[in-house]
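Trainee: I am attaching a structure below and will ask some questions about it afterwards.
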Amino acid sequence: MANQATSDSEFGEAPISIDREGYLALVVKALSATLEDTVGTREASGFINLVGLAVSEEIQKQYLAAAGTPRLNRKVLPGALVDLKRRLGGEFYVIEDSDDRIVLGNHRCPFGDLARACPALCKMTSHVFGHMVAESQGYGRVTLADTLARGADGCRIVIDLDADAPGEGGQAYYGRGDA
């Protein structure tokens with residue numbers, strides 16, 4: 001059997017849709033599916049929460065360093081959340097910004113079609129936003145009211161800053177109080 005050598009040029013024009021982002025998307029999708037199949041959806045959600053916390057802590061550090069403060073103040077917080085998702089490829093924008101609530105919209109998911117196949121990625125958005133808001137404001141309840149992953153025309157993410165505010169469900173996050 002002859003050993004055929006290959007070079008990059010043989011596959012350079014082939015319709016193979018693998019690049020760094022595509023590869024990472026496959027890894028995330030496989031990890032999420034394996035986790036849900038192995039431990040169940042509820043337990044997988046707990047693991048995803050832990051990952052969201054770790055990711056949000058790293059992101060928070062970078063935004064705090066850029067702001068030069070130990071906490072993101074209420075005025076810059078919506079901009080930081082929108083900026084984060086813009087850097088990831090989303091098209092987030094502020095719908096409402098009041099003393100007790102921030103509502104964000106989005107036209108393009110940073111995770112693209114992967115979010116439909118792996119809706120747990122929406123929970124990552126909830127966790128990252130929730131932890132960032134809670135560490136800066138003490139409390140945040142994030143409700144994924146509408147998501148592209150669930151077939152909506154866009155995302156609507158409601159972030160309540162008052163624990164006593166009437167809510168639309170969602171996940172509550174509490175700051176550690178050491179920031």
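Quick note on naming: the chains in the structure tokens go A, B, ... in the order shown, residues restart at 1 in each chain, and ligands are numbered from 1 in order of appearance.
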So that each row is one residue of segment 136-156 of chain A with an atom at most 10 Å from segment 75-96 of chain A, can you give its shortest atom pair and the distance in Å to one decimal, using only C-alpha atoms, rows by chain and rising number, as JSON lines?
Mentor:
```
{"residue": "A:Ser136", "atom": "CA", "partner": "A:Leu77", "partner_atom": "CA", "distance": 8.1}
{"residue": "A:Gln137", "atom": "CA", "partner": "A:Leu77", "partner_atom": "CA", "distance": 9.2}
{"residue": "A:Gly154", "atom": "CA", "partner": "A:Phe92", "partner_atom": "CA", "distance": 9.6}
{"residue": "A:Cys155", "atom": "CA", "partner": "A:Phe92", "partner_atom": "CA", "distance": 8.5}
{"residue": "A:Arg156", "atom": "CA", "partner": "A:Ile95", "partner_atom": "CA", "distance": 8.5}
```
Trainee: So that I can check the secondary structure, give me every residue of chain A assigned strand (DSSP E) by backbone DSSP, as a VMD selection string.
Mentor: chain A and resid 92 to 98 101 to 106 139 to 146 155 to 160 171 to 174
Trainee: Please provide as a list of chain:residue names all residues within 9 Å of segment 119-122 of chain A, with the sequence filter that same-chain residues fewer than 2 positions apart are discarded (counting only C-alpha atoms).
Mentor: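 Once the adjacent positions are removed, what remains is A:Val28, A:Ser32, A:Ser45, A:Ile48, A:Phe111, A:Leu114, A:Ala115, A:Arg116, A:Ala117, A:Met124, A:Thr125, A:Ser126, A:His127, A:Leu144, A:Thr147, A:Ala149, A:Arg150.
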Trainee: Can you spit out the residues from that selection as an mmCIF file, in the first residue's frame, using N, CA and C atoms?
Mentor:
```cif
data_model
loop_
_atom_site.group_PDB
_atom_site.id
_atom_site.type_symbol
_atom_site.label_atom_id
_atom_site.label_comp_id
_atom_site.auth_asym_id
_atom_site.auth_seq_id
_atom_site.Cartn_x
_atom_site.Cartn_y
_atom_site.Cartn_z
ATOM 1 N N VAL A 28 -18.192 22.447 22.878
ATOM 2 C CA VAL A 28 -19.203 22.881 23.846
ATOM 3 C C VAL A 28 -20.482 22.060 23.689
ATOM 4 N N SER A 32 -21.899 19.646 26.602
ATOM 5 C CA SER A 32 -23.229 19.887 27.148
ATOM 6 C C SER A 32 -24.114 18.652 27.010
ATOM 7 N N SER A 45 -27.419 21.666 34.753
ATOM 8 C CA SER A 45 -27.638 23.095 34.962
ATOM 9 C C SER A 45 -26.791 23.612 36.118
ATOM 10 N N ILE A 48 -23.296 23.984 34.882
ATOM 11 C CA ILE A 48 -23.212 25.150 34.004
ATOM 12 C C ILE A 48 -23.188 26.424 34.835
ATOM 13 N N PHE A 111 -23.543 33.010 19.846
ATOM 14 C CA PHE A 111 -23.264 31.600 19.627
ATOM 15 C C PHE A 111 -23.864 31.085 18.322
ATOM 16 N N LEU A 114 -25.552 27.486 17.078
ATOM 17 C CA LEU A 114 -25.227 26.562 18.162
ATOM 18 C C LEU A 114 -26.199 26.728 19.333
ATOM 19 N N ALA A 115 -26.688 27.937 19.554
ATOM 20 C CA ALA A 115 -27.600 28.171 20.678
ATOM 21 C C ALA A 115 -28.891 27.372 20.525
ATOM 22 N N ARG A 116 -29.359 27.205 19.297
ATOM 23 C CA ARG A 116 -30.583 26.418 19.100
ATOM 24 C C ARG A 116 -30.332 24.946 19.416
ATOM 25 N N ALA A 117 -29.141 24.478 19.080
ATOM 26 C CA ALA A 117 -28.794 23.083 19.347
ATOM 27 C C ALA A 117 -28.385 22.875 20.804
ATOM 28 N N MET A 124 -25.654 30.381 30.184
ATOM 29 C CA MET A 124 -24.343 31.012 30.410
ATOM 30 C C MET A 124 -24.488 32.527 30.386
ATOM 31 N N THR A 125 -25.283 33.036 29.450
ATOM 32 C CA THR A 125 -25.533 34.481 29.399
ATOM 33 C C THR A 125 -26.188 34.928 30.700
ATOM 34 N N SER A 126 -27.186 34.192 31.154
ATOM 35 C CA SER A 126 -27.854 34.526 32.407
ATOM 36 C C SER A 126 -26.852 34.537 33.560
ATOM 37 N N HIS A 127 -26.037 33.514 33.647
ATOM 38 C CA HIS A 127 -25.086 33.412 34.757
ATOM 39 C C HIS A 127 -24.043 34.522 34.717
ATOM 40 N N LEU A 144 -34.644 35.292 31.175
ATOM 41 C CA LEU A 144 -34.499 35.156 29.728
ATOM 42 C C LEU A 144 -35.914 35.122 29.145
ATOM 43 N N THR A 147 -35.764 34.358 23.725
ATOM 44 C CA THR A 147 -34.429 34.037 23.215
ATOM 45 C C THR A 147 -34.513 33.554 21.774
ATOM 46 N N ALA A 149 -32.686 31.266 20.725
ATOM 47 C CA ALA A 149 -32.543 29.810 20.827
ATOM 48 C C ALA A 149 -33.891 29.113 20.940
ATOM 49 N N ARG A 150 -34.888 29.806 21.510
ATOM 50 C CA ARG A 150 -36.233 29.235 21.627
ATOM 51 C C ARG A 150 -37.134 29.662 20.473
#
```
Trainee: Hey, can you check how far atom CA of Ser56 of chain A sits from atom CA of Arg74 of chain A?
Mentor: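 It comes out at 17.5 Å.
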Trainee: Could you give me, as a list in words, the residues within 12 Å of Val27 of chain A, counting only C-alpha atoms and dropping anything in the same chain fewer than 6 positions from it?
Mentor: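 Residues near the query, excluding close chain neighbours: Ile18, Arg20, Glu21, Ala33, Thr34, Leu35, Leu114 and Cys118 of chain A.
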Trainee: Could you tell me how far atom CA of Ala25 of chain A lies from atom CA of Gly169 of chain A, in Å and to one decimal?
Mentor: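 Between atom CA of Ala25 of chain A and atom CA of Gly169 of chain A the gap works out to 28.8 Å.
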Trainee: What gap, in Å, lies between atom CA of Leu104 of chain A and atom CA of His131 of chain A?
Mentor: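 Interatomic distance here is 15.9 Å.
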Trainee: Tell me which protein, DNA and RNA residues are within 7 Å of Leu161 of chain A, counting only C-alpha atoms, leaving out same-chain ones fewer than 4 positions away, and put them as a list of chain:residue names.
Mentor: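 Result of the neighbour search: A:Asp100, A:Arg101, A:Tyr139, A:Gly140, A:Arg141.
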